[in-house]
$ cat target27.cif   # mmCIF, C-alpha atoms and all ligand atoms
data_protein
loop_
_atom_site.label_atom_id
_atom_site.label_comp_id
_atom_site.auth_asym_id
_atom_site.auth_seq_id
_atom_site.Cartn_x
_atom_site.Cartn_y
_atom_site.Cartn_z
CA MET A 5 -29.28 3.55 11.82
CA SER A 6 -26.04 1.66 11.37
CA THR A 7 -24.39 1.15 8.01
CA ILE A 8 -22.36 -2.04 8.03
CA ILE A 9 -19.93 -2.83 5.22
CA LEU A 10 -18.07 -6.05 4.54
CA GLY A 11 -14.76 -5.24 2.82
CA ILE A 12 -12.94 -7.85 0.73
CA GLU A 13 -9.36 -7.50 -0.52
CA THR A 14 -7.70 -10.10 -2.79
CA SER A 15 -5.64 -8.06 -5.26
CA CYS A 16 -2.28 -9.72 -4.68
CA ASP A 17 -1.14 -12.25 -2.07
CA ASP A 18 -3.12 -11.28 1.04
CA THR A 19 -6.66 -12.53 1.56
CA SER A 20 -8.43 -10.05 3.80
CA ALA A 21 -11.94 -9.31 5.08
CA ALA A 22 -13.05 -6.48 7.36
CA ILE A 23 -16.23 -5.20 8.94
CA ILE A 24 -16.77 -1.44 9.04
CA ARG A 25 -19.70 0.10 10.93
CA ASN A 26 -20.40 3.79 10.29
CA GLY A 27 -16.79 4.28 9.20
CA TYR A 28 -15.42 2.51 12.28
CA MET A 29 -13.42 -0.70 11.96
CA LEU A 30 -14.84 -3.62 13.93
CA SER A 31 -12.57 -6.31 12.52
CA ASN A 32 -9.83 -6.70 9.92
CA VAL A 33 -8.61 -10.25 9.26
CA ILE A 34 -5.63 -10.87 6.98
CA ALA A 35 -4.35 -14.26 5.81
CA SER A 36 -0.90 -13.78 4.29
CA GLN A 37 0.26 -16.37 1.81
CA GLU A 38 3.56 -17.90 2.85
CA VAL A 39 3.70 -20.10 -0.27
CA HIS A 40 5.41 -17.33 -2.30
CA ARG A 41 8.36 -16.85 0.03
CA LYS A 42 10.38 -19.69 -1.40
CA TYR A 43 9.97 -18.32 -4.94
CA GLY A 44 11.20 -14.84 -3.97
CA GLY A 45 8.06 -13.19 -5.36
CA VAL A 46 4.33 -13.66 -5.83
CA VAL A 47 3.36 -16.56 -8.15
CA PRO A 48 -0.02 -15.49 -9.59
CA GLU A 49 -1.51 -18.96 -10.05
CA LEU A 50 -0.61 -20.00 -6.50
CA ALA A 51 -2.00 -16.72 -5.19
CA SER A 52 -5.44 -17.24 -6.69
CA ARG A 53 -5.58 -20.84 -5.43
CA ALA A 54 -4.67 -19.72 -1.91
CA HIS A 55 -7.33 -16.97 -2.06
CA GLN A 56 -9.92 -19.64 -2.90
CA GLN A 57 -8.90 -21.64 0.16
CA ASN A 58 -8.75 -18.62 2.47
CA ILE A 59 -11.69 -16.45 1.49
CA ILE A 60 -14.51 -18.22 3.36
CA PRO A 61 -12.65 -18.76 6.67
CA VAL A 62 -11.32 -15.18 6.55
CA VAL A 63 -14.78 -13.66 6.01
CA ASP A 64 -16.26 -15.96 8.65
CA THR A 65 -13.63 -14.87 11.19
CA ALA A 66 -14.14 -11.18 10.34
CA LEU A 67 -17.90 -11.52 10.95
CA ARG A 68 -17.39 -13.40 14.22
CA GLN A 69 -14.76 -10.98 15.55
CA ALA A 70 -17.09 -8.07 14.79
CA ASN A 71 -20.05 -9.94 16.27
CA VAL A 72 -22.05 -9.18 13.14
CA GLY A 73 -24.40 -11.59 11.32
CA LYS A 74 -24.17 -11.83 7.53
CA HIS A 75 -27.73 -10.57 7.10
CA GLU A 76 -26.82 -7.35 8.92
CA ILE A 77 -24.38 -6.40 6.14
CA ASN A 78 -25.72 -3.48 4.09
CA ALA A 79 -23.10 -3.68 1.37
CA VAL A 80 -20.11 -5.75 0.34
CA ALA A 81 -17.18 -3.79 -1.07
CA PHE A 82 -14.47 -5.60 -3.00
CA THR A 83 -11.24 -4.70 -4.80
CA ARG A 84 -12.00 -4.51 -8.50
CA GLY A 85 -8.42 -3.65 -9.45
CA PRO A 86 -5.63 -3.02 -10.17
CA GLY A 87 -3.97 -6.31 -9.27
CA LEU A 88 -3.48 -9.90 -10.40
CA LEU A 89 -6.50 -10.92 -12.43
CA GLY A 90 -6.76 -14.44 -10.97
CA SER A 91 -6.59 -13.06 -7.44
CA LEU A 92 -9.09 -10.28 -8.11
CA LEU A 93 -11.55 -12.79 -9.60
CA VAL A 94 -11.74 -14.72 -6.33
CA GLY A 95 -12.70 -11.65 -4.27
CA ALA A 96 -15.06 -10.28 -6.93
CA SER A 97 -16.86 -13.61 -7.36
CA PHE A 98 -17.18 -14.08 -3.62
CA ALA A 99 -18.53 -10.55 -3.17
CA LYS A 100 -21.11 -11.04 -5.93
CA GLY A 101 -22.27 -14.32 -4.47
CA PHE A 102 -22.49 -12.82 -0.99
CA ALA A 103 -24.50 -9.84 -2.28
CA LEU A 104 -26.86 -12.09 -4.26
CA SER A 105 -27.51 -14.45 -1.38
CA THR A 106 -27.97 -11.81 1.35
CA GLY A 107 -29.49 -8.93 -0.61
CA ALA A 108 -26.57 -6.66 0.31
CA LYS A 109 -25.54 -3.92 -2.14
CA LEU A 110 -22.38 -4.44 -4.18
CA ILE A 111 -19.61 -1.81 -4.24
CA GLU A 112 -16.39 -1.87 -6.28
CA ALA A 113 -13.21 -0.34 -4.87
CA ASN A 114 -10.06 0.82 -6.64
CA HIS A 115 -7.15 -0.67 -4.69
CA LEU A 116 -5.00 2.47 -4.99
CA HIS A 117 -7.81 4.78 -3.98
CA ALA A 118 -8.47 2.46 -1.04
CA HIS A 119 -4.82 2.68 0.09
CA ILE A 120 -5.30 6.46 0.29
CA MET A 121 -8.63 5.99 2.09
CA SER A 122 -6.79 3.94 4.76
CA ASN A 123 -6.09 7.36 6.28
CA PHE A 124 -9.83 7.60 7.10
CA ILE A 125 -10.15 4.34 9.09
CA GLN A 126 -11.44 5.15 12.58
CA GLU A 127 -11.51 2.91 15.64
CA GLU A 128 -13.74 3.21 18.71
CA GLY A 129 -11.93 5.04 21.52
CA LYS A 130 -8.91 5.75 19.25
CA GLU A 131 -10.37 8.58 17.15
CA LYS A 132 -7.72 10.52 15.23
CA PRO A 133 -7.69 13.70 13.17
CA LEU A 134 -8.51 13.04 9.51
CA PRO A 135 -6.88 14.71 6.50
CA LYS A 136 -8.67 17.76 5.17
CA PHE A 137 -9.31 18.29 1.45
CA PRO A 138 -7.43 19.08 -0.64
CA PHE A 139 -4.53 16.89 0.45
CA LEU A 140 -1.57 15.21 -1.20
CA CYS A 141 -0.94 11.50 -0.86
CA LEU A 142 2.39 9.85 -1.54
CA LEU A 143 1.22 6.37 -2.49
CA VAL A 144 4.12 3.95 -2.34
CA SER A 145 3.61 0.23 -2.68
CA GLY A 146 5.05 -2.84 -4.37
CA GLY A 147 3.37 -1.95 -7.65
CA HIS A 148 2.91 1.85 -7.54
CA THR A 149 4.67 5.08 -6.71
CA GLN A 150 2.47 8.10 -7.21
CA ILE A 151 1.77 11.56 -5.89
CA ILE A 152 -1.97 12.13 -5.90
CA VAL A 153 -4.09 15.20 -5.17
CA LEU A 154 -7.35 14.38 -3.39
CA ARG A 155 -9.85 17.21 -3.77
CA ASP A 156 -12.69 15.17 -2.34
CA TYR A 157 -13.22 11.51 -1.40
CA PHE A 158 -13.75 10.55 -5.03
CA GLU A 159 -11.87 13.24 -6.87
CA MET A 160 -8.28 12.20 -7.32
CA GLU A 161 -5.65 13.38 -9.76
CA ILE A 162 -2.29 11.68 -10.21
CA ILE A 163 0.28 14.48 -10.58
CA GLY A 164 3.43 12.34 -10.48
CA GLN A 165 4.28 8.68 -10.90
CA THR A 166 7.10 6.29 -11.59
CA ILE A 167 8.15 5.78 -15.16
CA ASP A 168 9.65 2.35 -14.37
CA ASP A 169 9.95 0.47 -11.05
CA ALA A 170 7.88 1.22 -7.94
CA ALA A 171 9.59 2.19 -4.66
CA GLY A 172 8.61 -1.14 -3.05
CA GLU A 173 10.04 -2.96 -6.05
CA ALA A 174 13.35 -1.08 -5.58
CA PHE A 175 13.45 -2.23 -1.96
CA ASP A 176 12.53 -5.80 -2.89
CA LYS A 177 14.88 -6.15 -5.87
CA CYS A 178 17.92 -4.69 -4.05
CA ALA A 179 17.14 -6.89 -1.03
CA LYS A 180 17.10 -9.92 -3.30
CA VAL A 181 20.54 -9.01 -4.68
CA MET A 182 21.80 -8.99 -1.07
CA GLY A 183 20.26 -12.42 -0.51
CA LEU A 184 17.64 -11.11 1.94
CA SER A 185 14.23 -12.75 2.18
CA TYR A 186 11.10 -11.66 0.31
CA PRO A 187 9.46 -9.18 0.64
CA GLY A 188 12.69 -7.26 1.14
CA GLY A 189 11.28 -3.86 2.20
CA PRO A 190 10.64 -4.68 5.87
CA VAL A 191 13.95 -6.60 6.11
CA VAL A 192 15.93 -3.66 4.72
CA ASP A 193 14.09 -1.38 7.16
CA ARG A 194 15.12 -3.58 10.11
CA HIS A 195 18.81 -3.79 9.11
CA ALA A 196 18.90 -0.07 8.26
CA ARG A 197 18.35 0.81 11.92
CA GLU A 198 21.80 -0.62 12.73
CA GLY A 199 23.63 0.96 9.78
CA ASP A 200 25.19 4.22 8.61
CA ARG A 201 23.02 5.83 5.95
CA LYS A 202 25.97 7.78 4.55
CA ALA A 203 28.21 4.71 4.17
CA PHE A 204 27.53 4.28 0.44
CA ARG A 205 26.27 6.56 -2.32
CA PHE A 206 23.94 5.28 -4.99
CA SER A 207 22.77 7.23 -8.01
CA LYS A 208 19.62 9.32 -7.88
CA PRO A 209 17.49 9.92 -10.98
CA ASN A 210 17.29 13.21 -12.76
CA ILE A 211 13.70 13.23 -13.98
CA ALA A 212 11.84 16.44 -14.76
CA GLY A 213 8.58 17.34 -13.04
CA LEU A 214 7.00 15.19 -10.38
CA ASP A 215 7.69 11.77 -11.89
CA TYR A 216 9.88 9.11 -10.33
CA SER A 217 12.35 6.53 -11.60
CA PHE A 218 13.98 3.73 -9.63
CA SER A 219 15.58 1.56 -12.30
CA GLY A 220 18.86 3.57 -12.26
CA LEU A 221 19.19 3.13 -8.51
CA LYS A 222 18.73 -0.61 -8.87
CA THR A 223 21.51 -0.74 -11.48
CA SER A 224 23.81 1.48 -9.41
CA PHE A 225 23.22 -0.74 -6.38
CA LEU A 226 23.98 -3.86 -8.40
CA TYR A 227 27.21 -2.38 -9.87
CA THR A 228 28.44 -1.24 -6.45
CA LEU A 229 28.00 -4.74 -5.09
CA ARG A 230 29.61 -6.33 -8.14
CA ASP A 231 32.71 -4.08 -7.89
CA LYS A 232 33.10 -4.49 -4.11
CA LEU A 233 32.65 -8.25 -4.33
CA LYS A 234 35.62 -8.43 -6.71
CA GLU A 235 37.83 -7.01 -3.94
CA ASP A 236 36.20 -8.83 -1.04
CA PRO A 237 33.98 -11.93 -1.55
CA GLN A 238 32.49 -11.37 1.95
CA PHE A 239 31.62 -7.74 1.19
CA VAL A 240 27.83 -8.14 1.23
CA ASP A 241 27.72 -10.33 4.36
CA ASN A 242 29.97 -7.88 6.22
CA ASN A 243 28.09 -4.74 5.19
CA ILE A 244 24.37 -5.55 5.32
CA PRO A 245 23.37 -2.82 7.84
CA ASN A 246 25.32 -0.07 6.03
CA LEU A 247 24.07 -1.20 2.61
CA CYS A 248 20.47 -1.26 3.85
CA ALA A 249 20.73 2.11 5.60
CA SER A 250 22.29 3.78 2.54
CA LEU A 251 19.80 2.18 0.14
CA GLN A 252 16.85 3.20 2.32
CA GLN A 253 18.14 6.76 2.64
CA THR A 254 18.50 7.05 -1.14
CA ILE A 255 14.94 5.80 -1.74
CA VAL A 256 13.56 8.10 0.96
CA ASP A 257 15.43 11.10 -0.48
CA ILE A 258 14.07 10.37 -3.96
CA LEU A 259 10.51 10.05 -2.59
CA THR A 260 10.54 13.14 -0.38
CA ASP A 261 12.30 15.35 -2.93
CA LYS A 262 9.32 15.10 -5.32
CA LEU A 263 6.82 15.35 -2.49
CA VAL A 264 8.35 18.69 -1.47
CA LYS A 265 8.15 19.83 -5.10
CA ALA A 266 4.52 18.69 -5.34
CA SER A 267 3.56 20.63 -2.23
CA ALA A 268 5.32 23.75 -3.54
CA ALA A 269 3.68 23.40 -6.97
CA THR A 270 0.14 22.90 -5.64
CA GLY A 271 0.34 24.95 -2.44
CA ILE A 272 -1.14 21.97 -0.59
CA THR A 273 0.30 21.35 2.89
CA GLU A 274 -2.02 18.58 4.12
CA ILE A 275 0.12 15.52 3.47
CA THR A 276 -0.59 11.81 3.78
CA ILE A 277 1.32 8.69 2.84
CA ALA A 278 -0.10 5.26 2.04
CA GLY A 279 0.80 1.81 0.71
CA GLY A 280 3.25 -0.84 1.91
CA VAL A 281 6.32 1.41 1.79
CA ALA A 282 4.50 3.90 4.07
CA ALA A 283 5.44 1.41 6.83
CA ASN A 284 9.11 2.30 6.30
CA SER A 285 10.58 3.95 9.38
CA GLY A 286 13.00 6.09 7.36
CA LEU A 287 10.17 7.49 5.22
CA ARG A 288 7.92 8.10 8.23
CA ASN A 289 10.73 9.95 10.05
CA ALA A 290 11.61 12.00 6.98
CA VAL A 291 8.00 13.07 6.33
CA THR A 292 7.53 13.90 10.01
CA ALA A 293 10.72 16.01 9.97
CA LEU A 294 9.45 17.81 6.85
CA SER A 295 6.20 18.67 8.61
CA GLU A 296 8.24 20.85 11.01
CA GLU A 297 10.48 22.25 8.32
CA LYS A 298 7.77 23.02 5.75
CA GLY A 299 4.81 23.67 8.02
CA TRP A 300 2.94 20.63 6.70
CA THR A 301 0.19 18.82 8.55
CA VAL A 302 1.18 15.18 8.16
CA TYR A 303 -1.04 12.12 8.67
CA LEU A 304 0.65 8.74 8.96
CA PRO A 305 -1.53 5.64 8.65
CA GLU A 306 -1.07 2.96 11.29
CA PHE A 307 1.40 0.23 10.28
CA ARG A 308 -1.25 -2.45 9.89
CA PHE A 309 -3.18 -0.26 7.44
CA THR A 310 -0.19 0.43 5.18
CA THR A 311 0.13 -3.01 3.59
CA ASP A 312 -2.82 -4.67 1.85
CA ASN A 313 -5.88 -4.99 4.10
CA ALA A 314 -9.65 -5.08 3.76
CA ALA A 315 -10.34 -2.32 6.30
CA MET A 316 -9.29 0.21 3.65
CA ILE A 317 -11.67 -1.43 1.16
CA GLY A 318 -14.47 -1.39 3.74
CA VAL A 319 -13.95 2.28 4.56
CA THR A 320 -13.92 3.14 0.85
CA GLY A 321 -17.14 1.14 0.57
CA TYR A 322 -18.65 3.08 3.47
CA PHE A 323 -18.05 6.47 1.80
CA LYS A 324 -19.36 5.10 -1.51
CA TYR A 325 -22.43 3.72 0.26
CA LEU A 326 -23.23 7.19 1.63
CA LYS A 327 -23.18 8.50 -1.95
CA GLY A 328 -25.16 5.58 -3.39
CA MET A 329 -22.20 4.52 -5.55
CA PHE A 330 -23.16 0.87 -6.09
CA CYS A 331 -22.26 -1.45 -8.95
CA ALA A 332 -24.11 -4.13 -10.88
CA GLN A 333 -23.58 -7.91 -10.81
CA ASP A 334 -21.95 -7.84 -14.25
CA VAL A 335 -18.95 -5.81 -13.06
CA VAL A 336 -15.63 -7.45 -14.00
CA PRO A 337 -12.22 -7.16 -12.30
CA ALA A 338 -9.62 -4.90 -13.96
CA ALA A 339 -5.94 -5.78 -13.74
CA ARG A 340 -4.80 -2.33 -14.82
CA PHE A 341 -5.32 1.04 -13.20
CA GLU A 342 -6.24 2.71 -16.48
CA ASP A 343 -9.31 0.47 -16.78
CA ILE A 344 -10.92 1.54 -13.52
CA GLY A 345 -12.14 4.77 -11.89
CA VAL A 346 -12.27 5.52 -8.16
O1 LIG B 401 0.79 -2.05 -0.50
P1 LIG B 401 1.45 -3.37 -0.48
O2 LIG B 401 1.20 -4.30 0.67
O3 LIG B 401 1.13 -4.19 -1.76
C1 LIG B 401 0.98 -3.61 -3.00
O4 LIG B 401 -0.16 -3.12 -3.29
O5 LIG B 401 2.00 -3.58 -3.74
O6 LIG B 401 3.03 -3.08 -0.59
C2 LIG B 401 3.97 -4.10 -0.57
C3 LIG B 401 5.35 -3.45 -0.68
C4 LIG B 401 6.48 -4.46 -0.85
O7 LIG B 401 7.33 -4.03 -1.89
C5 LIG B 401 7.21 -4.40 0.51
O8 LIG B 401 8.59 -4.70 0.42
C6 LIG B 401 6.99 -2.96 0.89
O9 LIG B 401 5.66 -2.70 0.51
N1 LIG B 401 7.17 -2.72 2.34
C7 LIG B 401 8.18 -1.97 2.84
C8 LIG B 401 8.04 -2.02 4.26
N2 LIG B 401 6.94 -2.79 4.55
C9 LIG B 401 6.43 -3.21 3.35
N3 LIG B 401 9.15 -1.29 2.23
C10 LIG B 401 10.02 -0.63 3.02
N4 LIG B 401 9.97 -0.63 4.38
C11 LIG B 401 9.00 -1.31 5.04
N5 LIG B 401 8.95 -1.29 6.36
ZN ZN B 402 -1.59 -2.54 -2.09
#
$ encode --input "target27.cif" --output "structure tokens" --more "lines below"
Ligand code: KG4
Ligand code: ZN
Amino acid sequence: MSTIILGIETSCDDTSAAIIRNGYMLSNVIASQEVHRKYGGVVPELASRAHQQNIIPVVDTALRQANVGKHEINAVAFTRGPGLLGSLLVGASFAKGFALSTGAKLIEANHLHAHIMSNFIQEEGKEKPLPKFPFLCLLVSGGHTQIIVLRDYFEMEIIGQTIDDAAGEAFDKCAKVMGLSYPGGPVVDRHAREGDRKAFRFSKPNIAGLDYSFSGLKTSFLYTLRDKLKEDPQFVDNNIPNLCASLQQTIVDILTDKLVKASAATGITEITIAGGVAANSGLRNAVTALSEEKGWTVYLPEFRFTTDNAAMIGVTGYFKYLKGMFCAQDVVPAARFEDIGV
């Protein structure tokens, strides 16, 4: 018997729907919202309006690409939070309506947990080894930077997290200062390939334990640019690759330093990364190099599963379905992580 899940993701500015059959991805459609680009960041009200326009065509395309009829869906899994409330409401309302009209079960997914679960997405003919419990996940996105221990699919413990900005935010904010387009992370990554990562030194935080901080780096980056621009008004334009490479190296060093500490503290050597910043080539190379050095077994999610997507929601839904973890129609979206379980 097949178990078919429709996954819906609308937590921020990507409208996505995916079909997962028995843990295997059949389709994963993502409509990215270009409207925010000119504002240099996501505008919540515009995001929820765009989700409303996109949700039906995106789900329809996901069903067609998977060659699955809507009455074959056993359960619809949606992102309950954390995220932008107006955006979450669109996905949650659609999922409830879909479940009511088709008789499918309803499953809520925690967006952060789902990012981690992106490591479990399988594809026909492209089967890959899956992380073994317990494992550590470095979850790095535009809104979160956390080190999480996964003892089982639904048993997660955050053992380190940022006390201010997220890693993706550090990329995006520093990119904005350089006049690069939004979101800045992928742009910095591209320029960094041409630059010298030792060209500039930016300050690294001195935070005890496994927590992170990125606000000091942002300030140090800003002050460096301000001072150099006084001497040479063309400084930024003439140094983009070196600035990007040095910035990226600093962020990667900060991230991996605490990951090494977390592995030593817990004795866990199964390591995964997840979230938008997990697409960063510098981070992927650094974690891969550490696997040799530290004897870790490292699992890197495919690029298209690092940023927001519904396949990760669908796969989370699949594992919840197997455990009978359904939710009722009166479930409400939660903007904050603290208000939601796994
Ligand atoms: O997970 P995600 O799509 O959305 C959130 O849940 O936040 O992550 C988006 C973040 C943005 O800050 C973006 O700049 C960053 O991921 N990002 C990258 C790269 N690709 C996306 N940062 C660095 N290098 C990349 N290649
Ligand atoms: Zn995300």
$ closest_residue --input "target27.cif" --among "A:Ser267, A:Asn26, A:Gln56, A:Ser285" --to "Glu128 in chain A" --atoms "only C-alpha atoms"
A:Asn26
$ residues_near_ligand --input "target27.cif" --ligand "ligand ZN 402 (chain B)" --cutoff "6 Å" --atoms "only C-alpha atoms and all ligand atoms" --output "number ranges by chain"
A: 145, 279, 311-312
$ residues_near_point --input "target27.cif" --point "(-9.0, -3.4, 7.7)" --cutoff "10 Å" --atoms "all atoms listed in the file" --output "number ranges by chain"
A: 10-13, 20-24, 28-34, 66, 122, 125, 308-310, 312-319
$ residues_around --input "target27.cif" --residues "Leu221 in chain A" --least-positions-apart "3" --cutoff "9 Å" --atoms "all atoms listed in the file" --output "NGL selection string"
:A and (174 or 206-209 or 217-218 or 224-226 or 251 or 254-255)
$ residues_near_ligand --input "target27.cif" --ligand "ligand LIG 401 (chain B)" --cutoff "6 Å" --atoms "all atoms listed in the file" --output "list of chain:residue names"
A:Ser145, A:Gly146, A:Gly147, A:Gly172, A:Glu173, A:Phe175, A:Asp176, A:Pro187, A:Gly188, A:Gly189, A:Pro190, A:Asp193, A:Gly279, A:Gly280, A:Val281, A:Ala283, A:Asn284, A:Thr311, A:Asp312
$ residues_around --input "target27.cif" --residues "range 37-45 of chain A" --least-positions-apart "6" --cutoff "12 Å" --atoms "only C-alpha atoms" --output "MDAnalysis selection string"
chainID A and resid 14 16:20 51:59 91 146 173 176:177 179:181 183:188
$ atom_distance --input "target27.cif" --atom1 "CA of His148 in chain A" --atom2 "CA of Pro135 in chain A"
21.4 Å
$ atom_distance --input "target27.cif" --atom1 "CA of Val240 in chain A" --atom2 "CA of Met182 in chain A"
6.5 Å
$ residues_near_point --input "target27.cif" --point "(-16.0, -10.0, -6.6)" --cutoff "9 Å" --atoms "only C-alpha atoms" --output "short mmCIF file (atom, residue, chain, number, x, y, z; two decimals) with C-alpha atoms, in the frame of the given file"
data_model
loop_
_atom_site.label_atom_id
_atom_site.label_comp_id
_atom_site.auth_asym_id
_atom_site.auth_seq_id
_atom_site.Cartn_x
_atom_site.Cartn_y
_atom_site.Cartn_z
CA ILE A 12 -12.94 -7.85 0.73
CA ALA A 81 -17.18 -3.79 -1.07
CA PHE A 82 -14.47 -5.60 -3.00
CA THR A 83 -11.24 -4.70 -4.80
CA ARG A 84 -12.00 -4.51 -8.50
CA LEU A 92 -9.09 -10.28 -8.11
CA LEU A 93 -11.55 -12.79 -9.60
CA VAL A 94 -11.74 -14.72 -6.33
CA GLY A 95 -12.70 -11.65 -4.27
CA ALA A 96 -15.06 -10.28 -6.93
CA SER A 97 -16.86 -13.61 -7.36
CA PHE A 98 -17.18 -14.08 -3.62
CA ALA A 99 -18.53 -10.55 -3.17
CA LYS A 100 -21.11 -11.04 -5.93
CA GLY A 101 -22.27 -14.32 -4.47
CA LEU A 110 -22.38 -4.44 -4.18
CA GLU A 112 -16.39 -1.87 -6.28
CA GLN A 333 -23.58 -7.91 -10.81
CA VAL A 335 -18.95 -5.81 -13.06
CA VAL A 336 -15.63 -7.45 -14.00
CA PRO A 337 -12.22 -7.16 -12.30
#
$ atom_distance --input "target27.cif" --atom1 "CA of Tyr216 in chain A" --atom2 "CA of Ser36 in chain A"
29.2 Å
$ closest_residue --input "target27.cif" --among "A:Gly164, A:Gly90, A:Pro237, A:Pro245" --to "Ala203 in chain A" --atoms "only C-alpha atoms"
A:Pro245
$ closest_residue --input "target27.cif" --among "A:Met121, A:Asn71, A:Ala282, A:Leu50" --to "Ala171 in chain A" --atoms "all atoms listed in the file"
A:Ala282
$ closest_residue --input "target27.cif" --among "A:Ala266, A:Ile258, A:Cys248, A:Ile277" --to "Ile163 in chain A" --atoms "all atoms listed in the file"
A:Ala266
$ closest_residue --input "target27.cif" --among "A:Asp200, A:Asp231, A:Glu159, A:Asp169" --to "Asp215 in chain A" --atoms "all atoms listed in the file"
A:Asp169
$ axis_aligned_box --input "target27.cif" --around "range 115-126 of chain A" --padding-each-side "4 Å" --output "lines of an AutoDock Vina configuration file"
center_x = -8.1
center_y = 3.5
center_z = 3.8
size_x = 14.6
size_y = 16.3
size_z = 25.6
$ closest_residue --input "target27.cif" --among "A:Ile272, A:Val144, A:Ile211, A:Glu235" --to "Arg288 in chain A" --atoms "only C-alpha atoms"
A:Val144
$ build_atoms --input "target27.cif" --residues "range 250-261 of chain A" --atoms "N, CA and C atoms" --output "compact mmCIF listing (two decimals), in the frame of the given file"
# COMPACT_ATOMS: atom_id res chain seq x y z
N SER A 250 21.99 2.87 3.65
CA SER A 250 22.29 3.78 2.54
C SER A 250 21.24 3.65 1.43
N LEU A 251 20.83 2.41 1.15
CA LEU A 251 19.80 2.18 0.14
C LEU A 251 18.49 2.86 0.56
N GLN A 252 18.11 2.62 1.81
CA GLN A 252 16.85 3.20 2.32
C GLN A 252 16.89 4.73 2.26
N GLN A 253 18.03 5.29 2.66
CA GLN A 253 18.14 6.76 2.64
C GLN A 253 18.00 7.30 1.22
N THR A 254 18.59 6.60 0.25
CA THR A 254 18.50 7.05 -1.14
C THR A 254 17.05 7.01 -1.61
N ILE A 255 16.34 5.91 -1.31
CA ILE A 255 14.94 5.80 -1.74
C ILE A 255 14.09 6.88 -1.06
N VAL A 256 14.33 7.08 0.22
CA VAL A 256 13.56 8.10 0.96
C VAL A 256 13.83 9.49 0.41
N ASP A 257 15.09 9.78 0.10
CA ASP A 257 15.43 11.10 -0.48
C ASP A 257 14.71 11.31 -1.81
N ILE A 258 14.73 10.27 -2.64
CA ILE A 258 14.07 10.37 -3.96
C ILE A 258 12.57 10.66 -3.75
N LEU A 259 11.97 9.91 -2.82
CA LEU A 259 10.51 10.05 -2.59
C LEU A 259 10.16 11.43 -2.04
N THR A 260 10.91 11.89 -1.04
CA THR A 260 10.54 13.14 -0.38
C THR A 260 10.88 14.36 -1.24
N ASP A 261 11.92 14.24 -2.06
CA ASP A 261 12.30 15.35 -2.93
C ASP A 261 11.11 15.77 -3.81
